[in-house]
Every structure is written in C-alpha cells, then in structure tokens.
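For reference, the structure is listed below as structure tokens.
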Amino acid sequence: MSAETKNFIAGKWVATGSTFGSVNPATGELVSRCAEASQQELDAAVAAACDAFPAWRKTPPPRRAETLFRVAELLKARKDDLARWITVEMGKVTMEARGDVQEAIDMARYMAGEGRRMFGHTAPSELPDKFCMSLRDPIGVVAVITPWNFPIAVPSWKILPAFVLGNTVVWKPSSDTPVCAAKFVEAFVEAGLPPGVLNLVLGKGAEIGDALVRHRDVRLVTFTGSNEVGHRVSVTAAETGKRCALEMGGKNAIIVLDDADLALAVDGIVWSAFGTSGQRCTAASRIIVHNTVRGPLTELLLERIKQLKIGNGLDPPTTVGPVINHTALEKIDRYVHIGLDEGARLLIGGERFSKGDCRRGCFYRPTVFDNVTPAMRIARDEIFGPVVCIIEADSLEEAVAINNDVPYGLVSSIYTQNVDRAFTAMRELTTGIVYVNAGTIGSEVQLPFGGTRGTGNGAREAGQAALDTFSEWKTVYVDYSGRLQRAQIDTETRHKEKPQNENSRTQISSVRPGPGKTAARIRGRFPRQQHRRAHARRNVAQGGHRH
Ligand code: NAD
C-alpha cells in the first residue's frame with residue numbers, strides 16, 4: 001500500500017480533512033488513502049496556476065522544453081515502477097502498463113521538440129511595406145480532466161503540449177487512479193517545473209471536476225472520458241465561456257473482407273478487443289465480417305480466446321486483467337443480458353470469472369456474440385469491457401455503411417489484400433482513425449488522435465494538431481510604410497488605377513538589372529511608353545516619389 005496520496009498545489013503536497021480510497025481491481029485491496037480536495041483546495045490550485053502563468057508564458061519555449069526532456073528521462077528511468085502502479089491501481093497487464101508509460105515518454109520527447117519549432121506563419125501583405133505573421137500564444141489556465149484507463153498516457157497527451165506552449169494546468173484525474181497521477185506529478189517536480197505550473201486536485205468528478213470546469217479563471221477545459229460526462233462538461237464550459245476539447249467513447253469496428261488473411265485478422269481482433277480487457281476508447285467491439293468467411297474466422301477466433309489467461313496483471317502469464325471496478329462489472333453483465341434478450345447468440349464467455357485468487361477481484365470472461373444485427377444495443381452502445389459482436393455483411397459497401405452508422409467515430413479497421421478495396425475503405429470510413437490490415441489499436445504520438453461524430457467535438461490530441469488545441473493564434477501586422485495604409489480600401493483604389501497591361505508591370509517590378517544587364521536592355525523588351533507608365537505606378541504603389 002502507498003502512503004497517503006495528496007493534492008499538489010503551488011509546489012506543495014497538500015493533505016485535506018477528508019479522504020477516499022483507491023482500490024486494486026484485481027484483489028480488492030486498498031492501494032492508498034487519498035486526500036479529497038474541497039472548493040478551498042481547488043481555488044488555491046487555480047490561483048497558483050494563475051500566478052505561475054505570466055512567468056511560464058514568458059519562459060522561452062526551448063527552456064520550457066528542457067523540462068519536458070527531463071520528464072521523459074525520469075519516466076524512462078521509472079518505467080517499471082510506474083507500470084507496476086498502473087497495474088495495481090487499474091488492472092491492465094504489465095506489458096500494456098509499460099506501453100502506457102512509454103506513450104508518455106514518447107509524447108514528452110515529441111512535445112519537447114516543439115520547443116524549438118512551434119512554427120507560426122508569414123503571409124504576404126496586400127499592401128506595400130507591411131509584414132504579416134501569426135504566432136502561437138498560450139491560452140492560460142487549462143483544466144485537465146482524465147479517465148482511469150490510461151492513467152499516465154492520456155494525461156500526457158494534454159499536460160505536455162499545454163506546457164510547451166506556455167499554459168499552466170490544474171489536473172483532476174479519475175478518482176480510480178489518484179496514485180498514478182501523483183507518481184506522474186512527481187516526475188515533473190523532480191524535472192524542475194516551477195511551482196504552480198502543474199497542480200493536482202483529487203476527488204469526485206461530479207464535485208471537484210464540475211467545480212473546476214465552472215471556475216472563472218480557467219480558460220480551456222480538456223476532457224477525456226465518457227459521453228455522458230463529456231456532454232455535461234461541454235455544456236458547463238459553454239455556459240461559462242470557455243474553450244473545450246472533448247475525447248469521448250467509441251464503438252470501433254474491424255471489417256474482415258472475403259480476401260483477408262484470416263489468421264492476421266484474428267491476431268488484430270484478439271489484441272484490439274481483449275487488450276486492457278476491452279477498456280480502451282479504441283477497443284474493437286464490433287467485427288463486421290463478409291458472410292463467406294464468417295465461419296472460419298469465428299472458429300479461429302474462439303480457438304484463440306480459449307488460450308487467453310485471465311488473472312492479476314502482475315502475473316506474467318496473464319493476458320486479460322480485471323475490469324476497473326464492480327460498477328463496470330455490473331454494466332458489462334447487464335449488456336450481456338441485453339444482448340441475449342435482443343436475440344444475439346452467445347458463443348463464449350458471458351459471465352464473471354471468479355476462479356482461485358480472481359474471486360476477490362473484478363474479472364469478466366472474454367465474450368463473443370454472433371447473430372448480431374447493427375440495430376441491436378450491444379452493436380451500438382459502448383460497453384467498455386471484453387465483449388465483441390460479430391455482424392455479417394455481404395459487401396464492402398454494406399460493411400462500411402454498418403461501420404459508419406453508430407453514434408461514435410473514433411477508429412475503424414479493415415482487413416483485405418485488395419489495394420482498391422483498401423483505398424475505397426480509407427475514403428469511405430468516417431472515423432477519425434483508420435487502420436488497414438491492423439487492429440484498432442496502435443496510435444503513435446506524432447499523428448493526430450481523435451474521433452468524429454459523438455466521440456469528440458473536433459479538437460485533436462497528439463501530433464501537430466494538438467498545438468491548435470492548446471494555443472491561440474495571434475496575428476501580427478507590422479506596417480513600416482510610415483503612413484496610413486488601409487487594407488481593402490487602398491487596394492481597391494490601386495486596382496482602379498491598374499495599367500492596361502497588368503502583366504507588364506509585374507514583369508518590370510520583378511526583373512532587376514543583373515550583371516551584364518542594363519536597365520536600358522531590360523526596358524528594350526517593353527514598349528517605351530508602357531514602361532514609363534508602369535514604372536510610375538510602381539513607384540506610387542511602393543510609396544516612392546511621384547514623377
Ligand atoms: P468518466 O466520464 O466517468 O470520467 C472521466 C473524468 O471525468 C474523471 O476524471 C471523472 O472524475 C470526471 N468527471 C466525472 N463527472 C464529472 C463532472 N460532472 N464534471 C467534471 N468532471 C467529471 O470516464 P471514465 O470511466 O473515467 O473513462 C472511460 C471513458 O473514457 C470511456 O467512455 C472511454 O471511451 C473514454 N475514453 C476516451 C478516450 C479518447 O481519447 N476518446 C480515451 C480514453 C478513454
């Protein structure tokens with residue numbers, strides 16, 4: 001068990017009068033008592049983030065990035081320890097927990113690189129002697145609200161870009177994974193992040209999370225979690241005039257066409273459907289299979305599922321760990337009964353797993369239904385557990401239509417060996433992420449991550465797209481003509497004065513006498529009178545002397 005887990009405010013670990021417990025889902029044991037933040041701690045955390053903002057935003061981005069590079073090194077050095085806390089607190093198997101930490105290391109390195117890029121734009125002006133550019137500016141205090149299923153990776157997608165761009169953060173992690181959150185914060189502290197730049201508040205979403213979203217000094221809310229909570233957060237943010245970035249649920253599908261490599265497809269299905277016990281936003285929960293290969297695919301899949309080993313994620317042979325808590329277990333079980341009532345056929349699983357040591361934890365058997373129609377609730381709702389539906393399709397077109405016809409739009413995947421079908425699918429699948437001949441899991445930090453439809457609200461995390469989520473564009477015009485120049489208006493006047501042969505003016509102003517060329521020789525290319533007129537107008541346009 002860990003010592004009491006505290007809030008982190010203005011560079012100090014802060015205990016409070018009230019605590020809550022973090023519980024190991026594999027054993028039911030208490031992992032840590034955690035200090036529950038009240039409005040008082042929340043106000044202090046937001047005030048600290050406000051106070052830290054002016055200095056942090058003025059710190060040169062390459063200096064800010066150095067802290068991120070140090071965070072990457074610290075996470076790397078502690079990868080095993082952090083992975084262990086992830087498994088203990090939320091259950092995923094050690095190999096996947098290490099991947100969770102690695103994602104944060106990758107994101108720290110990628111975003112640290114932005115410290116020396118963070119490119120803006122220059123664009124030509126429509127007026128002479130005027131320079132135009134746009135630069136990225138930080139937004140201010142960012143409220144970061146995260147789920148439990150990626151307790152280190154998901155926060156890293158938000159906190160690291162927020163920092164390199166010069167924002168400060170108040171982070172409210174899931175109350176199921178407070179210890180992982182505190183361990184992540186420790187890496188920032190040791191990396192030398194100034195006090196107040198990162199603040200951690202622990203507690204219930206409906207209380208401290210909601211109060212954070214409402215707080216008048218928060219400028220941006222970045223939320224990852226369920227659709228139900230995300231919509232509420234979005235409404236509150238809108239009512240209180242904040243920017244809001246949402247990443248929510250998924251009902252992701254793997255399409256298997258009749259020309260697919262079935263063994264490869266089954267590898268992808270097992271990894272995508274049962275990794276993290278199906279508790280990934282990117283988990284595959286629908287298999288849309290061409291009717292001619294449904295039989296052999298199902299047979300292969302059931303064979304592979306029988307080889308999965310359910311247990312504590314810390315035990316090396318385990319391939320499927322527990323689900324997060326009893327509420328999740330009950331929800332999964334409820335959906336299995338909904339599926340049976342809807343007329344789907346249960347092929348495997350469909351019950352809790354409580355053999356041996358697993359009796360104390362929250363385990364559910366990998367479950368597969370077939371005879372599922374696209375209209376069934378088990379084919380439309382996010383169950384967030386190890387449950388997969390097999391849906392038949394007669395063609396690529398039908399498979400794509402089924403894929404697209406759900407309220408979510410995070411990931412889809414297609415297995416085919418036909419390049420024409422693969423490219424058609426890439427164009428027609430309307431999710432934010434598409435895989436060809438790979439499962440639904442495998443995002444990399446250098447590319448945008450996020451979903452369409454009900455999965456998000458258009459914002460993206462990771463890659464260059466994350467920079468737009470965590471910064472404002474500031475456009476700067478510098479007029480060095482020394483006189484009033486009116487955009488749109490003075491351009492119109494000059495347009496009216498345009499010489500008859502506009503091309504000739506362009507050529508004259510772009511041709512400069514070079515070695516061996518004389519102005520007279522250049523002039524010789526144009527009729528003398530036209531040249532004079534154009535030359536005079538060029539001078540006027542550039543603010544030169546009138547002849
Ligand atoms: P959740 O919505 O229950 O909680 C998410 C966070 O919101 C938690 O920190 C919670 O305490 C907080 N919260 C709860 N009520 C709140 C309120 N009224 N105001 C403010 N904050 C509040 O989700 P969860 O169970 O932690 O995570 C699972 C969900 O997350 C799934 O739906 C999954 O698909 C989704 N998810 C999405 C992505 C993605 O990138 N799209 C990634 C991971 C998880």
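In the structure tokens, chains take the letters A, B, ... in the order shown, each chain's residues start at 1, and ligands count up from 1 in the order shown.
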Each region 72-149 of chain A residue no farther than 12 Å from region 266-278 of chain A, nearest pair in Å, only C-alpha atoms, as CSV:
```
residue,atom,partner,partner_atom,distance
A:Ile86,CA,A:Thr276,CA,11.5
A:Thr87,CA,A:Thr276,CA,10.2
A:Met90,CA,A:Thr276,CA,9.5
A:Gly91,CA,A:Thr276,CA,7.9
A:Lys92,CA,A:Thr276,CA,5.2
A:Val93,CA,A:Thr276,CA,7.3
A:Thr94,CA,A:Thr276,CA,10.3
A:Met95,CA,A:Thr276,CA,10.3
A:Glu96,CA,A:Thr276,CA,7.4
A:Ala97,CA,A:Thr276,CA,9.1
A:Gly99,CA,A:Thr276,CA,11.2
A:Asp100,CA,A:Thr276,CA,10.7
A:Trp148,CA,A:Thr276,CA,11.5
A:Asn149,CA,A:Thr276,CA,8.1
```
Write a file of the selected residues as a compact mmCIF listing (two decimals), in the first residue's frame, keeping all heavy atoms.
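Ended up saving to again.txt:
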```txt
# COMPACT_ATOMS: atom_id res chain seq x y z
N ILE A 86 0.40 1.33 -12.26
CA ILE A 86 -0.75 1.29 -13.18
C ILE A 86 -1.49 -0.04 -13.03
O ILE A 86 -2.72 -0.07 -12.88
CB ILE A 86 -0.29 1.51 -14.64
CG1 ILE A 86 0.21 2.94 -14.85
CG2 ILE A 86 -1.42 1.20 -15.62
CD1 ILE A 86 0.84 3.20 -16.22
N THR A 87 -0.73 -1.13 -13.05
CA THR A 87 -1.37 -2.46 -12.94
C THR A 87 -2.09 -2.61 -11.60
O THR A 87 -3.22 -3.10 -11.53
CB THR A 87 -0.32 -3.58 -13.11
OG1 THR A 87 0.31 -3.38 -14.37
CG2 THR A 87 -0.96 -4.95 -13.09
N MET A 90 -5.25 0.07 -11.75
CA MET A 90 -6.37 -0.07 -12.70
C MET A 90 -6.40 -1.41 -13.42
O MET A 90 -7.31 -1.68 -14.17
CB MET A 90 -6.47 1.10 -13.67
CG MET A 90 -5.33 1.39 -14.60
SD MET A 90 -5.04 0.19 -15.89
CE MET A 90 -6.56 0.29 -16.81
N GLY A 91 -5.40 -2.25 -13.22
CA GLY A 91 -5.52 -3.65 -13.60
C GLY A 91 -4.85 -4.10 -14.89
O GLY A 91 -4.65 -5.29 -15.08
N LYS A 92 -4.51 -3.20 -15.82
CA LYS A 92 -4.00 -3.70 -17.10
C LYS A 92 -2.70 -4.48 -16.90
O LYS A 92 -1.96 -4.22 -15.94
CB LYS A 92 -3.86 -2.59 -18.15
CG LYS A 92 -2.77 -1.59 -17.91
CD LYS A 92 -2.61 -0.62 -19.10
CE LYS A 92 -3.76 0.34 -19.26
NZ LYS A 92 -3.49 1.45 -20.20
N VAL A 93 -2.45 -5.44 -17.79
CA VAL A 93 -1.30 -6.32 -17.60
C VAL A 93 0.00 -5.52 -17.76
O VAL A 93 0.03 -4.49 -18.43
CB VAL A 93 -1.34 -7.53 -18.56
CG1 VAL A 93 -2.61 -8.34 -18.36
CG2 VAL A 93 -1.23 -7.08 -20.02
N THR A 94 1.06 -6.04 -17.14
CA THR A 94 2.31 -5.28 -17.06
C THR A 94 2.80 -4.81 -18.43
O THR A 94 3.21 -3.65 -18.58
CB THR A 94 3.40 -6.15 -16.40
OG1 THR A 94 2.94 -6.47 -15.08
CG2 THR A 94 4.72 -5.43 -16.30
N MET A 95 2.76 -5.69 -19.42
CA MET A 95 3.25 -5.30 -20.76
C MET A 95 2.50 -4.05 -21.26
O MET A 95 3.10 -3.11 -21.78
CB MET A 95 3.04 -6.46 -21.72
CG MET A 95 3.37 -6.12 -23.15
SD MET A 95 2.81 -7.39 -24.30
CE MET A 95 1.04 -7.33 -24.14
N GLU A 96 1.19 -4.04 -21.08
CA GLU A 96 0.41 -2.89 -21.54
C GLU A 96 0.65 -1.66 -20.65
O GLU A 96 0.62 -0.53 -21.13
CB GLU A 96 -1.07 -3.24 -21.55
CG GLU A 96 -1.43 -4.26 -22.60
CD GLU A 96 -2.92 -4.50 -22.64
OE1 GLU A 96 -3.69 -3.54 -22.59
OE2 GLU A 96 -3.30 -5.67 -22.69
N ALA A 97 0.86 -1.90 -19.37
CA ALA A 97 1.13 -0.79 -18.46
C ALA A 97 2.45 -0.10 -18.85
O ALA A 97 2.57 1.12 -18.82
CB ALA A 97 1.19 -1.28 -17.03
N GLY A 99 3.55 0.02 -21.84
CA GLY A 99 3.20 0.77 -23.05
C GLY A 99 2.55 2.11 -22.70
O GLY A 99 2.79 3.12 -23.36
N ASP A 100 1.75 2.11 -21.64
CA ASP A 100 1.09 3.34 -21.16
C ASP A 100 2.16 4.38 -20.81
O ASP A 100 2.08 5.56 -21.21
CB ASP A 100 0.25 2.96 -19.93
CG ASP A 100 -0.83 3.95 -19.58
OD1 ASP A 100 -0.55 5.15 -19.59
OD2 ASP A 100 -1.95 3.52 -19.27
N TRP A 148 -9.55 6.81 -16.13
CA TRP A 148 -8.64 5.88 -15.44
C TRP A 148 -7.97 4.91 -16.38
O TRP A 148 -7.01 4.26 -16.00
CB TRP A 148 -9.45 5.09 -14.39
CG TRP A 148 -10.69 4.50 -14.97
CD1 TRP A 148 -11.95 5.05 -14.94
CD2 TRP A 148 -10.82 3.30 -15.74
NE1 TRP A 148 -12.84 4.26 -15.63
CE2 TRP A 148 -12.17 3.18 -16.14
CE3 TRP A 148 -9.93 2.30 -16.14
CZ2 TRP A 148 -12.65 2.12 -16.91
CZ3 TRP A 148 -10.40 1.24 -16.92
CH2 TRP A 148 -11.74 1.16 -17.28
N ASN A 149 -8.45 4.76 -17.64
CA ASN A 149 -7.98 3.61 -18.43
C ASN A 149 -6.57 3.77 -18.99
O ASN A 149 -5.92 2.79 -19.31
CB ASN A 149 -9.00 3.24 -19.53
CG ASN A 149 -9.11 4.29 -20.59
OD1 ASN A 149 -8.86 5.47 -20.34
ND2 ASN A 149 -9.49 3.90 -21.78
```
TODO: Write out as a ChimeraX atom specification each polymer residue (protein, DNA or RNA) that has an atom no more than 8 Å from ligand 1, with only C-alpha atoms and all ligand atoms counted.
DONE: /A:145-150,154,172-176,203-213,223-230,232-233,246-250,279-282,382,384,410,449-451,455-456
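Of the listed residues A:Asp370, A:Glu461, A:Asp405, A:Glu4, the one whose atoms come nearest to Ala162 (chain A) is A:Glu461, with distances taken using only C-alpha atoms.
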- [ ] Write out as a PyMOL selection string which residues come within 12 Å of Arg214 (chain A) when counting only C-alpha atoms, dropping same-chain ones fewer than 4 positions away.
- [x] chain A and resi 39+42-43+46+143+206-210+218-221+232-244
Open item on the list: Would you pick out the contacts of Leu262 (chain A) at 9 Å or less, using only C-alpha atoms, so that residues sharing its chain but fewer than 2 positions from it are not included, and give the list as a ChimeraX atom specification?
Closed with: /A:256,258-260,264-267,293,296-297,300,415
TODO: Would you return as a count of residues only the members of region 145-256 of chain A that DSSP assigns to strand (DSSP E) on this structure's backbone?
DONE: 24
TODO: Tell me which of A:Leu396, A:Leu160, A:Leu193, A:Leu346 sits closest to Ala462 (chain A), counting only C-alpha atoms.
DONE: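 Nearest to Ala462 (chain A): A:Leu160.
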Task: Nearest-residue call for Phe53 (chain A), choices A:Gly311, A:Thr168, A:Val400, A:Ser471, using only C-alpha atoms - done: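 Among A:Gly311, A:Thr168, A:Val400, A:Ser471, it is A:Thr168 that comes nearest to Phe53 (chain A).
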Task: Near-Pro374 (chain A) list (10 Å; only C-alpha atoms; drop same-chain fewer than 3 positions) as a list in words - done: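 Using only C-alpha atoms, the neighbours found are Arg286, Ile288, Asn371, Arg377, Ile378, Ala379, Arg380, Cys389, Ile390, Ile391, Glu392, Ala401, Ile402, Asn403, Asp405 and Val406 of chain A.
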For N, CA, C and O atoms, I'd like the residues from the last selection saved as an mmCIF file, in the first residue's frame.
```
data_model
loop_
_atom_site.group_PDB
_atom_site.id
_atom_site.type_symbol
_atom_site.label_atom_id
_atom_site.label_comp_id
_atom_site.auth_asym_id
_atom_site.auth_seq_id
_atom_site.Cartn_x
_atom_site.Cartn_y
_atom_site.Cartn_z
ATOM 1 N N ARG A 286 -16.869 -4.432 -32.396
ATOM 2 C CA ARG A 286 -17.696 -4.990 -33.488
ATOM 3 C C ARG A 286 -16.769 -5.603 -34.537
ATOM 4 O O ARG A 286 -15.787 -4.974 -34.937
ATOM 5 N N ILE A 288 -17.143 -6.788 -38.276
ATOM 6 C CA ILE A 288 -18.063 -6.818 -39.417
ATOM 7 C C ILE A 288 -17.402 -7.707 -40.464
ATOM 8 O O ILE A 288 -16.370 -7.348 -41.043
ATOM 9 N N ASN A 371 -24.777 -13.551 -34.661
ATOM 10 C CA ASN A 371 -26.184 -13.244 -34.987
ATOM 11 C C ASN A 371 -26.559 -11.855 -34.471
ATOM 12 O O ASN A 371 -27.677 -11.640 -34.008
ATOM 13 N N ARG A 377 -28.672 -2.999 -29.398
ATOM 14 C CA ARG A 377 -27.943 -2.097 -28.477
ATOM 15 C C ARG A 377 -26.506 -2.548 -28.248
ATOM 16 O O ARG A 377 -25.600 -1.733 -28.124
ATOM 17 N N ILE A 378 -26.309 -3.877 -28.211
ATOM 18 C CA ILE A 378 -24.924 -4.349 -27.999
ATOM 19 C C ILE A 378 -24.025 -3.985 -29.186
ATOM 20 O O ILE A 378 -22.808 -3.995 -29.057
ATOM 21 N N ALA A 379 -24.658 -3.664 -30.334
ATOM 22 C CA ALA A 379 -23.865 -3.268 -31.511
ATOM 23 C C ALA A 379 -23.731 -1.754 -31.617
ATOM 24 O O ALA A 379 -23.078 -1.252 -32.538
ATOM 25 N N ARG A 380 -24.372 -1.013 -30.720
ATOM 26 C CA ARG A 380 -24.368 0.461 -30.842
ATOM 27 C C ARG A 380 -23.795 1.166 -29.613
ATOM 28 O O ARG A 380 -23.184 2.221 -29.723
ATOM 29 N N CYS A 389 -19.088 -8.192 -30.759
ATOM 30 C CA CYS A 389 -20.250 -8.614 -31.548
ATOM 31 C C CYS A 389 -19.797 -8.955 -32.964
ATOM 32 O O CYS A 389 -19.083 -8.157 -33.577
ATOM 33 N N ILE A 390 -20.238 -10.078 -33.480
ATOM 34 C CA ILE A 390 -19.950 -10.401 -34.887
ATOM 35 C C ILE A 390 -21.192 -10.079 -35.715
ATOM 36 O O ILE A 390 -22.294 -10.570 -35.444
ATOM 37 N N ILE A 391 -20.977 -9.212 -36.709
ATOM 38 C CA ILE A 391 -22.071 -8.758 -37.574
ATOM 39 C C ILE A 391 -21.700 -9.156 -39.007
ATOM 40 O O ILE A 391 -20.573 -8.912 -39.440
ATOM 41 N N GLU A 392 -22.631 -9.738 -39.735
ATOM 42 C CA GLU A 392 -22.324 -10.148 -41.114
ATOM 43 C C GLU A 392 -22.607 -9.035 -42.105
ATOM 44 O O GLU A 392 -23.515 -8.229 -41.895
ATOM 45 N N ALA A 401 -21.074 0.867 -44.506
ATOM 46 C CA ALA A 401 -22.300 1.525 -44.032
ATOM 47 C C ALA A 401 -22.577 1.140 -42.573
ATOM 48 O O ALA A 401 -22.920 1.994 -41.747
ATOM 49 N N ILE A 402 -22.381 -0.126 -42.257
ATOM 50 C CA ILE A 402 -22.606 -0.578 -40.867
ATOM 51 C C ILE A 402 -21.588 0.107 -39.946
ATOM 52 O O ILE A 402 -21.911 0.602 -38.871
ATOM 53 N N ASN A 403 -20.333 0.138 -40.397
ATOM 54 C CA ASN A 403 -19.279 0.774 -39.590
ATOM 55 C C ASN A 403 -19.648 2.217 -39.258
ATOM 56 O O ASN A 403 -19.503 2.666 -38.119
ATOM 57 N N ASP A 405 -22.522 3.726 -39.240
ATOM 58 C CA ASP A 405 -23.841 4.026 -38.689
ATOM 59 C C ASP A 405 -23.913 3.783 -37.176
ATOM 60 O O ASP A 405 -24.760 3.040 -36.696
ATOM 61 N N VAL A 406 -23.008 4.372 -36.428
ATOM 62 C CA VAL A 406 -23.096 4.330 -34.959
ATOM 63 C C VAL A 406 -22.864 5.753 -34.453
ATOM 64 O O VAL A 406 -22.328 6.593 -35.178
#
```
Open item on the list: I want to know what sits within 6 Å of region 348-358 of chain A, based on only C-alpha atoms, with residues of the same chain fewer than 5 positions away left out; could you give that as a PyMOL selection string?
Closed with: chain A and resi 363-368
How would the residues just chosen look if you wrote them out with N, CA and C atoms as a short mmCIF file (atom, residue, chain, number, x, y, z; two decimals), in the first residue's frame?
```cif
data_model
loop_
_atom_site.label_atom_id
_atom_site.label_comp_id
_atom_site.auth_asym_id
_atom_site.auth_seq_id
_atom_site.Cartn_x
_atom_site.Cartn_y
_atom_site.Cartn_z
N PHE A 363 -13.33 -9.58 -12.44
CA PHE A 363 -12.92 -10.22 -13.70
C PHE A 363 -14.14 -10.64 -14.52
N TYR A 364 -14.03 -10.49 -15.83
CA TYR A 364 -15.11 -10.92 -16.72
C TYR A 364 -14.50 -11.72 -17.87
N ARG A 365 -15.15 -12.81 -18.24
CA ARG A 365 -14.62 -13.66 -19.31
C ARG A 365 -14.74 -12.95 -20.66
N PRO A 366 -13.72 -13.08 -21.52
CA PRO A 366 -13.86 -12.58 -22.88
C PRO A 366 -15.11 -13.18 -23.53
N THR A 367 -15.90 -12.32 -24.13
CA THR A 367 -17.24 -12.69 -24.56
C THR A 367 -17.44 -12.37 -26.04
N VAL A 368 -18.05 -13.32 -26.75
CA VAL A 368 -18.34 -13.08 -28.18
C VAL A 368 -19.80 -13.44 -28.46
#
```
List as an mmCIF file with N, CA and C atoms, in the first residue's frame the protein and nucleic acid residues near Gln464 (chain A), meaning an atom at most 8 Å away when only C-alpha atoms are counted, but skip any in the same chain fewer than 3 places from it.
```cif
data_model
loop_
_atom_site.group_PDB
_atom_site.id
_atom_site.type_symbol
_atom_site.label_atom_id
_atom_site.label_comp_id
_atom_site.auth_asym_id
_atom_site.auth_seq_id
_atom_site.Cartn_x
_atom_site.Cartn_y
_atom_site.Cartn_z
ATOM 1 N N GLN A 446 2.984 11.135 -32.896
ATOM 2 C CA GLN A 446 3.294 12.191 -33.862
ATOM 3 C C GLN A 446 2.160 12.447 -34.852
ATOM 4 N N LEU A 447 1.040 11.739 -34.665
ATOM 5 C CA LEU A 447 -0.102 11.931 -35.565
ATOM 6 C C LEU A 447 -1.328 12.335 -34.760
ATOM 7 N N PRO A 448 -2.248 13.051 -35.401
ATOM 8 C CA PRO A 448 -3.442 13.486 -34.658
ATOM 9 C C PRO A 448 -4.257 12.310 -34.166
ATOM 10 N N LEU A 467 -1.251 21.179 -31.065
ATOM 11 C CA LEU A 467 -0.808 22.560 -30.831
ATOM 12 C C LEU A 467 -1.981 23.525 -31.011
ATOM 13 N N ASP A 468 -2.876 23.194 -31.932
ATOM 14 C CA ASP A 468 -4.052 24.060 -32.128
ATOM 15 C C ASP A 468 -4.992 23.980 -30.926
#
```
